[in-house]
Each structure stands twice: as structure tokens, then as C-alpha cells.
>>> print(open('run32.cif').read())   # mmCIF, C-alpha atoms
data_query
loop_
_atom_site.label_atom_id
_atom_site.label_comp_id
_atom_site.auth_asym_id
_atom_site.auth_seq_id
_atom_site.Cartn_x
_atom_site.Cartn_y
_atom_site.Cartn_z
CA MET A 1 37.83 36.06 34.52
CA ASN A 2 34.10 36.56 34.58
CA THR A 3 32.60 33.70 32.52
CA HIS A 4 29.69 35.87 31.42
CA ASP A 5 32.20 38.10 29.76
CA ASP A 6 33.60 35.48 27.40
CA PRO A 7 32.60 36.42 23.82
CA ALA A 8 33.28 32.94 22.41
CA ARG A 9 31.05 31.34 25.02
CA VAL A 10 28.22 33.83 24.51
CA LEU A 11 28.43 33.51 20.71
CA LEU A 12 28.56 29.70 20.72
CA ARG A 13 25.45 29.66 22.92
CA ALA A 14 23.74 31.95 20.42
CA PHE A 15 24.34 29.43 17.62
CA PRO A 16 23.58 26.04 19.12
CA ASP A 17 24.12 22.75 17.32
CA THR A 18 21.15 21.71 15.20
CA PRO A 19 21.71 18.03 14.34
CA ALA A 20 18.34 17.48 12.64
CA HIS A 21 18.82 20.51 10.46
CA LEU A 22 22.39 19.50 9.59
CA HIS A 23 21.04 16.09 8.61
CA ASP A 24 18.69 17.76 6.12
CA LEU A 25 21.54 19.88 4.77
CA HIS A 26 23.65 16.72 4.41
CA ASP A 27 20.88 15.10 2.35
CA ARG A 28 20.71 18.16 0.12
CA LEU A 29 24.46 18.04 -0.31
CA THR A 30 24.52 14.38 -1.36
CA ALA A 31 21.70 14.98 -3.85
CA ARG A 32 23.56 17.94 -5.37
CA ALA A 33 26.86 16.03 -5.42
CA GLN A 34 25.19 13.16 -7.24
CA THR A 35 23.55 15.48 -9.79
CA ASP A 36 26.80 17.36 -10.39
CA GLY A 37 28.70 14.11 -10.87
CA VAL A 38 31.20 14.78 -8.08
CA LEU A 39 30.21 11.97 -5.73
CA ASP A 40 32.93 9.42 -6.50
CA ILE A 41 31.87 6.95 -3.81
CA ALA A 42 28.48 6.64 -2.13
CA TYR A 43 28.06 4.34 0.85
CA ARG A 44 25.50 3.15 3.32
CA ILE A 45 25.36 0.65 6.16
CA VAL A 46 22.66 -2.01 6.17
CA ASP A 47 21.61 -4.69 8.64
CA SER A 48 21.74 -8.35 7.73
CA PRO A 49 21.46 -11.72 9.49
CA ILE A 50 25.28 -11.89 9.49
CA GLY A 51 25.62 -8.41 11.02
CA GLY A 52 25.96 -4.90 9.65
CA LEU A 53 27.32 -4.53 6.14
CA LEU A 54 28.88 -1.43 4.65
CA LEU A 55 28.02 -1.11 0.95
CA ALA A 56 29.98 1.29 -1.24
CA ALA A 57 29.48 2.10 -4.92
CA THR A 58 31.24 4.17 -7.54
CA ASP A 59 29.43 5.37 -10.64
CA VAL A 60 30.53 2.06 -12.23
CA GLY A 61 28.88 -0.14 -9.64
CA LEU A 62 29.17 -1.80 -6.24
CA VAL A 63 32.85 -1.60 -5.27
CA ARG A 64 32.97 -2.81 -1.67
CA VAL A 65 30.99 -4.87 0.80
CA ALA A 66 32.51 -4.80 4.28
CA PHE A 67 31.71 -6.64 7.50
CA SER A 68 31.38 -4.61 10.66
CA HIS A 69 34.43 -6.21 12.28
CA GLU A 70 36.57 -4.85 9.43
CA ASP A 71 36.10 -1.37 11.03
CA TYR A 72 34.05 0.86 8.74
CA ASP A 73 36.29 3.89 9.31
CA ALA A 74 39.30 1.90 8.16
CA VAL A 75 37.38 0.59 5.15
CA LEU A 76 36.29 4.11 4.14
CA GLN A 77 39.83 5.43 4.64
CA SER A 78 41.13 2.68 2.40
CA LEU A 79 38.55 3.58 -0.29
CA SER A 80 39.62 7.20 0.09
CA ASP A 81 43.29 6.28 -0.37
CA ARG A 82 42.79 3.81 -3.21
CA ILE A 83 39.96 5.38 -5.26
CA SER A 84 38.92 8.88 -4.18
CA PRO A 85 38.29 10.87 -0.98
CA ARG A 86 35.08 12.25 -2.49
CA ILE A 87 32.99 9.90 -0.36
CA LEU A 88 29.60 10.59 1.18
CA ASP A 89 27.04 8.63 3.13
CA ALA A 90 24.51 8.66 0.29
CA PRO A 91 22.09 5.74 0.58
CA VAL A 92 20.18 6.23 -2.68
CA ARG A 93 22.94 4.86 -4.91
CA LEU A 94 22.91 1.65 -2.86
CA ASP A 95 19.14 1.11 -2.98
CA ALA A 96 19.33 -1.71 -5.53
CA ALA A 97 22.20 -3.44 -3.73
CA ALA A 98 20.43 -3.19 -0.38
CA ARG A 99 17.22 -4.57 -1.89
CA GLU A 100 18.94 -7.50 -3.58
CA LEU A 101 20.82 -8.38 -0.39
CA ASP A 102 17.54 -8.29 1.54
CA GLU A 103 16.01 -10.66 -0.99
CA TYR A 104 19.07 -12.92 -0.84
CA PHE A 105 19.01 -13.14 2.95
CA ALA A 106 15.27 -13.81 2.83
CA GLY A 107 15.96 -16.77 0.51
CA ARG A 108 14.16 -15.14 -2.41
CA ARG A 109 17.23 -14.44 -4.57
CA ARG A 110 19.92 -16.80 -5.85
CA THR A 111 22.00 -14.53 -8.07
CA PHE A 112 22.84 -10.87 -7.84
CA ASP A 113 22.00 -8.66 -10.75
CA LEU A 114 24.12 -5.65 -9.83
CA PRO A 115 26.74 -3.71 -11.75
CA LEU A 116 30.07 -4.38 -10.03
CA ASP A 117 33.18 -2.23 -9.93
CA ARG A 118 35.98 -4.79 -9.59
CA ARG A 119 38.88 -2.36 -9.52
CA LEU A 120 39.94 -3.24 -5.97
CA ALA A 121 41.06 -6.72 -7.04
CA ARG A 122 43.94 -7.07 -9.46
CA GLY A 123 45.92 -9.77 -11.22
CA PHE A 124 45.41 -13.39 -10.23
CA ARG A 125 43.14 -12.44 -7.34
CA ARG A 126 40.82 -10.72 -9.77
CA THR A 127 40.84 -13.80 -12.02
CA VAL A 128 39.97 -16.00 -9.06
CA LEU A 129 37.10 -13.74 -7.99
CA LEU A 130 35.71 -13.67 -11.54
CA HIS A 131 35.53 -17.48 -11.51
CA LEU A 132 33.69 -17.62 -8.19
CA SER A 133 30.46 -16.67 -9.92
CA GLU A 134 30.66 -20.05 -11.70
CA ILE A 135 29.95 -21.79 -8.40
CA ASP A 136 26.18 -22.05 -8.26
CA TYR A 137 23.98 -21.07 -5.37
CA GLY A 138 23.81 -24.00 -2.96
CA ASP A 139 27.02 -25.55 -4.33
CA THR A 140 30.53 -25.41 -2.97
CA ALA A 141 33.93 -25.78 -4.60
CA THR A 142 37.33 -26.55 -3.12
CA TYR A 143 40.22 -24.10 -3.11
CA ALA A 144 42.03 -26.58 -5.39
CA SER A 145 39.23 -26.71 -7.94
CA VAL A 146 38.97 -22.92 -8.01
CA ALA A 147 42.74 -22.82 -8.61
CA ARG A 148 42.21 -25.15 -11.59
CA LEU A 149 39.28 -23.03 -12.86
CA SER A 150 41.49 -19.95 -12.61
CA GLY A 151 44.14 -21.54 -14.80
CA ASN A 152 46.77 -22.15 -12.14
CA PRO A 153 46.18 -25.50 -10.40
CA LYS A 154 49.16 -25.05 -8.09
CA ALA A 155 47.98 -21.68 -6.75
CA VAL A 156 45.74 -23.12 -4.03
CA ARG A 157 47.09 -20.79 -1.35
CA ALA A 158 46.69 -17.81 -3.66
CA VAL A 159 43.03 -18.74 -4.08
CA GLY A 160 42.74 -18.67 -0.29
CA THR A 161 44.28 -15.21 -0.26
CA ALA A 162 41.98 -14.00 -3.04
CA CYS A 163 38.95 -15.19 -1.07
CA ALA A 164 40.25 -13.68 2.17
CA THR A 165 40.69 -10.28 0.49
CA ASN A 166 37.50 -10.37 -1.61
CA PRO A 167 36.31 -6.74 -1.79
CA LEU A 168 32.76 -7.88 -2.55
CA PRO A 169 31.94 -10.75 -0.18
CA VAL A 170 28.45 -12.29 -0.25
CA VAL A 171 27.82 -10.77 -3.71
CA VAL A 172 30.94 -12.46 -5.11
CA PRO A 173 30.47 -15.81 -3.38
CA CYS A 174 33.82 -16.62 -1.78
CA HIS A 175 31.82 -18.27 1.00
CA ARG A 176 31.19 -21.17 -1.43
CA VAL A 177 34.87 -22.10 -1.44
CA VAL A 178 35.71 -24.82 1.11
CA ARG A 179 38.62 -27.09 1.96
CA SER A 180 39.28 -30.36 0.14
CA ASP A 181 38.77 -32.31 3.38
CA GLY A 182 35.21 -31.03 3.56
CA THR A 183 35.76 -28.53 6.37
CA MET A 184 34.72 -24.95 5.75
CA GLY A 185 37.96 -23.08 5.88
CA GLY A 186 38.14 -19.48 6.98
CA TYR A 187 35.98 -16.53 6.06
CA LEU A 188 36.63 -12.88 6.28
CA GLY A 189 33.21 -12.34 7.80
CA GLY A 190 33.91 -15.01 10.41
CA VAL A 191 33.37 -18.78 10.24
CA GLU A 192 29.91 -18.44 11.76
CA ALA A 193 28.84 -16.09 8.95
CA LYS A 194 30.14 -18.57 6.37
CA ARG A 195 28.21 -21.38 8.04
CA MET A 196 25.03 -19.25 8.00
CA LEU A 197 25.40 -18.35 4.33
CA LEU A 198 25.98 -21.97 3.28
CA ALA A 199 23.03 -23.09 5.41
CA LEU A 200 20.83 -20.40 3.87
CA GLU A 201 21.75 -21.54 0.38
CA THR A 202 21.07 -25.23 1.05
CA ALA A 203 17.82 -24.62 2.92
CA MET B 204 56.52 -2.12 3.33
CA LYS B 205 55.93 1.56 2.77
CA SER B 206 58.89 3.63 3.83
CA LYS B 207 56.96 6.88 4.10
CA GLN B 208 53.98 7.82 6.21
CA PRO B 209 51.06 7.13 3.87
CA PHE B 210 49.39 10.20 2.50
CA VAL B 211 46.07 10.48 4.30
CA ARG B 212 43.04 12.43 3.19
CA ARG B 213 39.93 11.73 5.21
CA PRO B 214 36.80 10.56 3.41
CA PHE B 215 34.81 13.73 2.72
CA GLU B 216 31.92 12.41 4.81
CA GLN B 217 34.14 12.90 7.86
CA VAL B 218 34.93 16.47 6.80
CA VAL B 219 31.20 17.21 6.73
CA ALA B 220 30.65 15.48 10.08
CA ILE B 221 33.54 17.27 11.79
CA HIS B 222 33.24 20.76 10.31
CA GLY B 223 29.59 20.95 9.20
CA PRO B 224 28.30 22.34 12.53
CA THR B 225 30.98 25.05 12.73
CA VAL B 226 30.51 26.14 9.12
CA LEU B 227 26.75 26.38 9.68
CA ARG B 228 27.30 28.52 12.79
CA VAL B 229 29.61 30.79 10.81
CA CYS B 230 27.12 31.08 7.93
CA ARG B 231 24.31 31.89 10.36
CA ALA B 232 26.36 34.53 12.13
CA VAL B 233 27.46 36.16 8.88
CA LEU B 234 24.24 35.87 6.86
CA GLY B 235 21.42 35.28 9.29
CA PRO B 236 19.35 32.11 9.33
CA VAL B 237 17.53 32.63 6.03
CA ASP B 238 20.50 32.54 3.67
CA ALA B 239 22.80 30.42 5.84
CA ASP B 240 21.54 27.12 4.44
CA ASP B 241 22.31 28.10 0.86
CA ALA B 242 25.78 29.28 1.81
CA TRP B 243 26.44 26.06 3.75
CA SER B 244 25.33 23.89 0.81
CA GLU B 245 27.34 25.86 -1.72
CA THR B 246 30.38 25.75 0.56
CA PHE B 247 30.43 21.98 0.96
CA LEU B 248 29.57 21.28 -2.67
CA SER B 249 32.42 23.53 -3.76
CA ALA B 250 34.74 21.96 -1.18
CA LEU B 251 33.84 18.46 -2.36
CA LYS B 252 34.73 19.41 -5.92
CA ALA B 253 38.09 20.86 -4.90
CA TYR B 254 38.87 18.33 -2.16
CA ALA B 255 41.13 16.09 -4.19
CA ASP B 256 43.43 19.07 -4.88
CA LEU B 257 43.61 20.31 -1.29
CA PRO B 258 47.25 20.25 -0.12
CA PRO B 259 47.72 17.48 2.45
CA ASP B 260 48.97 19.84 5.15
CA ALA B 261 46.14 22.35 4.68
CA ASN B 262 44.06 23.51 7.64
CA VAL B 263 40.71 22.11 6.56
CA GLU B 264 38.64 24.38 8.80
CA ALA B 265 40.36 27.56 7.58
CA TRP B 266 39.94 26.33 4.01
CA LEU B 267 36.20 25.72 4.55
CA VAL B 268 35.67 29.09 6.23
CA THR B 269 37.47 30.76 3.31
CA ILE B 270 35.07 29.09 0.89
CA ALA B 271 32.11 29.95 3.11
CA HIS B 272 33.23 33.59 3.16
CA ARG B 273 33.14 33.74 -0.66
CA LYS B 274 29.87 31.82 -0.87
CA ALA B 275 28.29 34.18 1.68
CA ILE B 276 29.24 37.11 -0.53
CA ASP B 277 27.69 35.34 -3.54
CA VAL B 278 24.53 34.57 -1.60
CA THR B 279 24.27 38.18 -0.42
CA ARG B 280 24.67 39.45 -3.97
CA THR B 281 22.04 37.06 -5.29
CA ALA B 282 19.70 38.11 -2.51
CA ALA B 283 20.30 41.77 -3.34
CA ARG B 284 19.59 41.09 -7.01
CA ARG B 285 16.32 39.52 -6.02
CA ALA B 286 15.70 42.80 -4.21
CA ARG B 287 14.84 41.05 -1.04
CA PRO B 288 14.26 43.56 1.74
CA THR B 289 17.41 43.75 3.83
CA ALA B 290 15.21 44.10 6.88
CA GLU B 291 14.83 40.36 6.71
CA LEU B 292 18.40 39.93 7.85
CA THR B 293 17.98 42.01 10.95
CA ASP B 294 14.43 41.05 11.73
CA ALA B 295 14.53 39.06 14.94
CA SER B 296 11.23 37.38 14.08
CA SER B 297 12.92 35.54 11.22
CA VAL B 298 15.11 33.64 13.67
CA PRO B 299 13.59 30.17 13.94
CA ALA B 300 12.65 29.87 17.57
CA ALA B 301 11.77 26.19 17.31
CA ASP B 302 15.41 25.24 16.71
CA SER B 303 16.59 26.93 19.81
CA HIS B 304 16.40 25.45 23.26
CA ILE B 305 18.08 28.44 24.81
CA ASP B 306 16.61 31.39 26.64
CA ARG B 307 16.17 34.79 25.04
CA THR B 308 19.92 35.45 24.74
CA PRO B 309 20.43 33.84 21.29
CA VAL B 310 17.94 36.05 19.52
CA ASP B 311 19.51 39.10 21.06
CA VAL B 312 23.03 38.18 20.02
CA THR B 313 22.05 37.26 16.46
CA THR B 314 20.11 40.49 16.09
CA ALA B 315 22.98 42.55 17.44
CA LEU B 316 25.40 40.72 15.14
CA ALA B 317 23.20 41.37 12.12
CA GLN B 318 23.38 45.09 12.83
CA LEU B 319 27.20 45.16 12.79
CA PRO B 320 29.18 46.29 9.75
CA PRO B 321 29.96 43.17 7.66
CA LYS B 322 33.71 43.16 8.38
CA GLN B 323 33.17 43.23 12.15
CA ARG B 324 30.56 40.49 11.89
CA GLN B 325 32.85 38.35 9.72
CA ALA B 326 35.88 38.87 11.97
CA ILE B 327 33.84 37.83 15.00
CA ALA B 328 32.40 34.78 13.26
CA TYR B 329 35.73 33.52 11.93
CA HIS B 330 37.67 34.14 15.12
CA TYR B 331 35.18 33.36 17.88
CA LEU B 332 32.91 30.79 16.21
CA ALA B 333 35.37 29.05 13.88
CA GLY B 334 38.26 29.56 16.29
CA LEU B 335 40.64 30.79 13.59
CA PRO B 336 43.66 32.84 14.65
CA TYR B 337 43.63 36.46 13.49
CA ALA B 338 46.33 35.73 10.89
CA ASP B 339 43.91 33.35 9.14
CA VAL B 340 41.01 35.79 9.58
CA ALA B 341 43.16 38.47 7.94
CA ARG B 342 43.94 36.19 4.98
CA ILE B 343 40.21 35.63 4.47
CA LEU B 344 39.15 39.27 4.88
CA GLY B 345 42.17 40.81 3.21
CA GLY B 346 44.22 43.33 5.18
CA THR B 347 46.55 42.94 8.12
CA THR B 348 46.32 40.73 11.16
CA ASP B 349 46.02 43.87 13.30
CA ALA B 350 43.12 45.12 11.20
CA ALA B 351 41.34 41.78 11.63
CA ARG B 352 41.93 41.86 15.39
CA ARG B 353 40.66 45.44 15.52
CA ALA B 354 37.53 44.60 13.50
CA ALA B 355 36.68 41.80 15.91
CA ALA B 356 37.40 43.98 18.94
CA ASP B 357 35.28 46.83 17.57
CA GLY B 358 32.50 44.35 16.84
CA ILE B 359 32.60 42.90 20.36
CA ALA B 360 32.62 46.44 21.78
CA ASN B 361 29.53 47.16 19.68
CA LEU B 362 27.83 44.01 20.96
CA ARG B 363 28.53 45.14 24.52
CA THR B 364 26.42 48.24 23.96
CA HIS B 365 23.33 46.01 23.69
CA PRO B 366 22.10 45.28 27.20
CA ASP B 367 20.59 41.87 26.36
CA VAL B 368 23.55 40.35 24.55
CA GLY B 369 25.04 38.93 27.71
CA LEU B 370 28.35 40.72 27.37
CA PRO B 371 28.50 43.29 30.15
CA LYS B 372 30.03 46.65 29.44
CA PHE B 373 33.47 47.29 30.85
CA ALA B 374 32.01 50.20 32.81
CA GLU B 375 29.57 47.90 34.59
CA LYS B 376 32.36 45.52 35.47
CA ARG B 377 34.28 48.30 37.07
CA GLU B 378 31.23 49.32 39.12
CA CYS B 379 30.94 45.77 40.38
CA ARG B 380 34.28 45.87 42.10
#
>>> encode(input="run32.cif", output="C-alpha cells")
Amino acid sequence: MNTHDDPARVLLRAFPDTPAHLHDLHDRLTARAQTDGVLDIAYRIVDSPIGGLLLAATDVGLVRVAFSHEDYDAVLQSLSDRISPRILDAPVRLDAAARELDEYFAGRRRTFDLPLDRRLARGFRRTVLLHLSEIDYGDTATYASVARLSGNPKAVRAVGTACATNPLPVVVPCHRVVRSDGTMGGYLGGVEAKRMLLALETA
Amino acid sequence: MKSKQPFVRRPFEQVVAIHGPTVLRVCRAVLGPVDADDAWSETFLSALKAYADLPPDANVEAWLVTIAHRKAIDVTRTAARRARPTAELTDASSVPAADSHIDRTPVDVTTALAQLPPKQRQAIAYHYLAGLPYADVARILGGTTDAARRAAADGIANLRTHPDVGLPKFAEKRECR
């Protein structure tokens, strides 16, 4: 077969990929989707001293902060399954969150003033996460004391699980929960990230 | 543990990333470069709105091309209502040269395509650029699979009559032997 005589090949060459132009069209699409109220989840990926963070927001508020090792594709698929597949990389909705995180990592912000969508945490885990905001910047609390705060002193392990599955790490400060023996305990962003956050807050 | 395979619908961002280039090619082939952007935007906005209701086993690309086909008709009608000169569609000078890193062939093919009857142009775009089988092309255009195949074949035969398109005529091939 003569390759010059392949219509698909000739036609595809006539309409080459135009990544920059598609990028512009994508921006137009996200703007229209936002205006028309059909963008259920907007996300963006930002840099931070503890690595890349994926930020996702519904029209209620910030719904997910994910560390890069969680695998962004898996995180987005999970948001698609649990909330809505109408998801676009649309940075504008995350401007405030990105700015506040920048300020936090620069040591200029101690509390986050962001609307949060807490729908990804339910039941006792949700209760635990709500109480984490009572631990002040620079302070730590033990898993046992958070269990007491949450109204179930025996549920120390469940507090650990709630922290390990926190959909909004950093913003909801599960990194401030440490073991009773004074050691740090685990962290879903990695122990090194937890150490950095605690050091930042006591600096 | 879940007993069934979980129902998976990709985040729409991935749909745009995977199919956006093909849908843009199809819009350009069908409408020319001027109106293609509008058709592309309308297609994906409409798809986003309907995405949650798309059956899980649907062929996403065929679905998008179907929407693009309707949006292209809308865009053409709007353009006609604005009484835009139709010459714009076939005018080779309206093809943005800056986008294209390819020799003179692209302009020639797009011009030749623009001169085809709409059904031939659509059949070619949906089959050769979107890679849809003729059964899907027929569903989009209406009519039989054979009619869709014939429209594409007639269109390709028409393209072959243009010397610069890069598709040699059958006659020339025979002479080569």
C-alpha cells in the first residue's frame, strides 16, 4: 500500500495538534462551565514546601487536599465516584485556598478562613475532624485527648483512622495530633511532612 | 468488599484531555477554522451538562462527535443568520498559517474539504479523523451504513481530483506500475 495514498494519514496531517490553542479553549470551557453552574468540582495543583498539593472545591467550599503520593488520578477518580464526574482543572475557584496555603507555609497565617465542604467525612470521623480545629496553631494534642474531645474516650484508634483519612489535611490540622508517648505518630503526607508542619508552627 | 466492578466514569477533565484534540480536528474539518472554536466550546459545555446521564457503556468519542455534529449545524445556522459571506469558509487565506508547522499540504486539503458537499465532508471527518466506523457515522448523519460509506468514498474521490491534496488519482497510480 502506497503510504501517500492513505486518506486518514493525509487528513490527520492537515489538522495537526494545536496544544496551545486547545489550552485556550479549555480555559474558555471552564469559565463557561463556572458561569452556567455546571462545574461541580474545580481543582488545581499547587507547589508547597511539603510537595505538590491537589486542591479541589465544590460550590460549597474546599472539599479535598491531596498529597502527590496519593496519586492525583486516583484522587480525582474517587471525587468523580463519590461526588460528581463534572470535574475540571479550573484554578480560579481555588485562588483563595492557594493564597491562604502560601501564607500559611510562609509563616504569615495561623488559621484558615476558607469555606469547607466536609461531605467526604461522615459519622465519628467527621466529629473527630471537626474537633481538630480546637487544637491551636503551634500546639499538639494526643490521640487520646482528641478521643475525649470527640465524646468517645475509648475510640483512640478511631481517631487515628479519622486523621489518616482526613480529606482536608493541612487545612484541618490532623498533623497536630501526636502519640501519648510524645512521638509523632503517622501522617498521611508522610512523617517528614508532619515534622515540617509542626516545626513551621513552633518556629 | 464490593461484589461488583465499581461503576467508573472518568473525571470530565480526562474526557477533554483525551478527546479534545480529535473533536477540534473534526470541527475544523467540518466548519473551517473560523467557526470550529465555537463548535468545540459548545460541544464540551453541552457534554459536561449531560455527562452524568451518559450510559456507562457508551462510546464517549462517538457521543462527542454526535454532539459536535449538532453544534456544527447550529453554528452554521447562526453564521448564516449573521449573513456572513460563505466565501470565508472556503477562503484559504483564513486558515491560520501560524498554527501549522506543516508544508503547503494542509491548506490544500482543508480548502478542498471546504468545497465538498456537507455530507461528504462530515462522513470523511467522522470516519477518517474521529475514526468512527461507518455504522456510527450513519447514526450521526441519518441514513444507512452504505450511504455513509458511499458519502465518504465520493468525498475522497473528489479530494483526489485536486492535484495538491496529496492523494494521487487512481489513474496516476496505474501509470506508475
>>> resolve_selection(input="run32.cif", expression="the PyMOL selection byres ((chain A and resi 179) around 9)", output="number ranges by chain")
A: 141-144, 177-178, 180-185
>>> residues_around(input="run32.cif", residues="Lys274 in chain B", least_positions_apart="5", cutoff="12 Å", atoms="all atoms listed in the file", output="list of chain:residue names")
B:Val226, B:Val229, B:Cys230, B:Val233, B:Leu234, B:Asp238, B:Ala239, B:Asp240, B:Asp241, B:Ala242, B:Trp243, B:Ser244, B:Glu245, B:Thr246, B:Phe247, B:Leu248, B:Ser249, B:Ala250, B:Leu267, B:Val268, B:Thr269, B:Thr279, B:Arg280, B:Thr281
>>> resolve_selection(input="run32.cif", expression="the PyMOL selection byres ((chain A) within 8 of (chain B))", output="tab-separated table (two decimals) with C-alpha atoms, in the coordinates of the input")
chain	number	residue	atom	x	y	z
A	4	HIS	CA	29.69	35.87	31.42
A	5	ASP	CA	32.20	38.10	29.76
A	6	ASP	CA	33.60	35.48	27.40
A	7	PRO	CA	32.60	36.42	23.82
A	8	ALA	CA	33.28	32.94	22.41
A	10	VAL	CA	28.22	33.83	24.51
A	11	LEU	CA	28.43	33.51	20.71
A	12	LEU	CA	28.56	29.70	20.72
A	13	ARG	CA	25.45	29.66	22.92
A	14	ALA	CA	23.74	31.95	20.42
A	15	PHE	CA	24.34	29.43	17.62
A	16	PRO	CA	23.58	26.04	19.12
A	17	ASP	CA	24.12	22.75	17.32
A	18	THR	CA	21.15	21.71	15.20
A	22	LEU	CA	22.39	19.50	9.59
A	25	LEU	CA	21.54	19.88	4.77
A	26	HIS	CA	23.65	16.72	4.41
A	28	ARG	CA	20.71	18.16	0.12
A	29	LEU	CA	24.46	18.04	-0.31
A	32	ARG	CA	23.56	17.94	-5.37
A	33	ALA	CA	26.86	16.03	-5.42
A	38	VAL	CA	31.20	14.78	-8.08
A	76	LEU	CA	36.29	4.11	4.14
A	77	GLN	CA	39.83	5.43	4.64
A	80	SER	CA	39.62	7.20	0.09
A	81	ASP	CA	43.29	6.28	-0.37
A	84	SER	CA	38.92	8.88	-4.18
A	85	PRO	CA	38.29	10.87	-0.98
A	86	ARG	CA	35.08	12.25	-2.49
A	87	ILE	CA	32.99	9.90	-0.36
A	88	LEU	CA	29.60	10.59	1.18
A	89	ASP	CA	27.04	8.63	3.13
>>> residues_near_point(input="run32.cif", point="(24.0, -2.6, 2.3)", cutoff="6 Å", atoms="only C-alpha atoms", output="short mmCIF file (atom, residue, chain, number, x, y, z; two decimals) with C-alpha atoms, in the coordinates of the input")
data_model
loop_
_atom_site.label_atom_id
_atom_site.label_comp_id
_atom_site.auth_asym_id
_atom_site.auth_seq_id
_atom_site.Cartn_x
_atom_site.Cartn_y
_atom_site.Cartn_z
CA ILE A 45 25.36 0.65 6.16
CA VAL A 46 22.66 -2.01 6.17
CA LEU A 53 27.32 -4.53 6.14
CA LEU A 54 28.88 -1.43 4.65
CA LEU A 55 28.02 -1.11 0.95
CA ALA A 98 20.43 -3.19 -0.38
#
>>> resolve_selection(input="run32.cif", expression="the PyMOL selection byres ((chain A and resi 126-131) around 12)", output="ChimeraX atom specification")
/A:116-125,132-136,141,143-153,155-177
>>> atom_distance(input="run32.cif", atom1="CA of Leu94 in chain A", atom2="CA of Gly61 in chain A")
9.2 Å
>>> atom_distance(input="run32.cif", atom1="CA of Gly138 in chain A", atom2="CA of Leu198 in chain A")
6.9 Å
>>> atom_distance(input="run32.cif", atom1="CA of Asp113 in chain A", atom2="CA of Asp27 in chain A")
27.2 Å
>>> closest_residue(input="run32.cif", among="A:Tyr72, A:Ser48, A:Gly37, A:Phe67", to="Glu103 in chain A", atoms="all atoms listed in the file")
A:Ser48
>>> residues_around(input="run32.cif", residues="Thr58 in chain A", least_positions_apart="3", cutoff="7 Å", atoms="only C-alpha atoms", output="ChimeraX atom specification")
/A:40-42,61-63
>>> closest_residue(input="run32.cif", among="B:Ala356, B:Ala265, B:Thr364, B:Val278", to="Ala338 in chain B", atoms="all atoms listed in the file")
B:Ala265
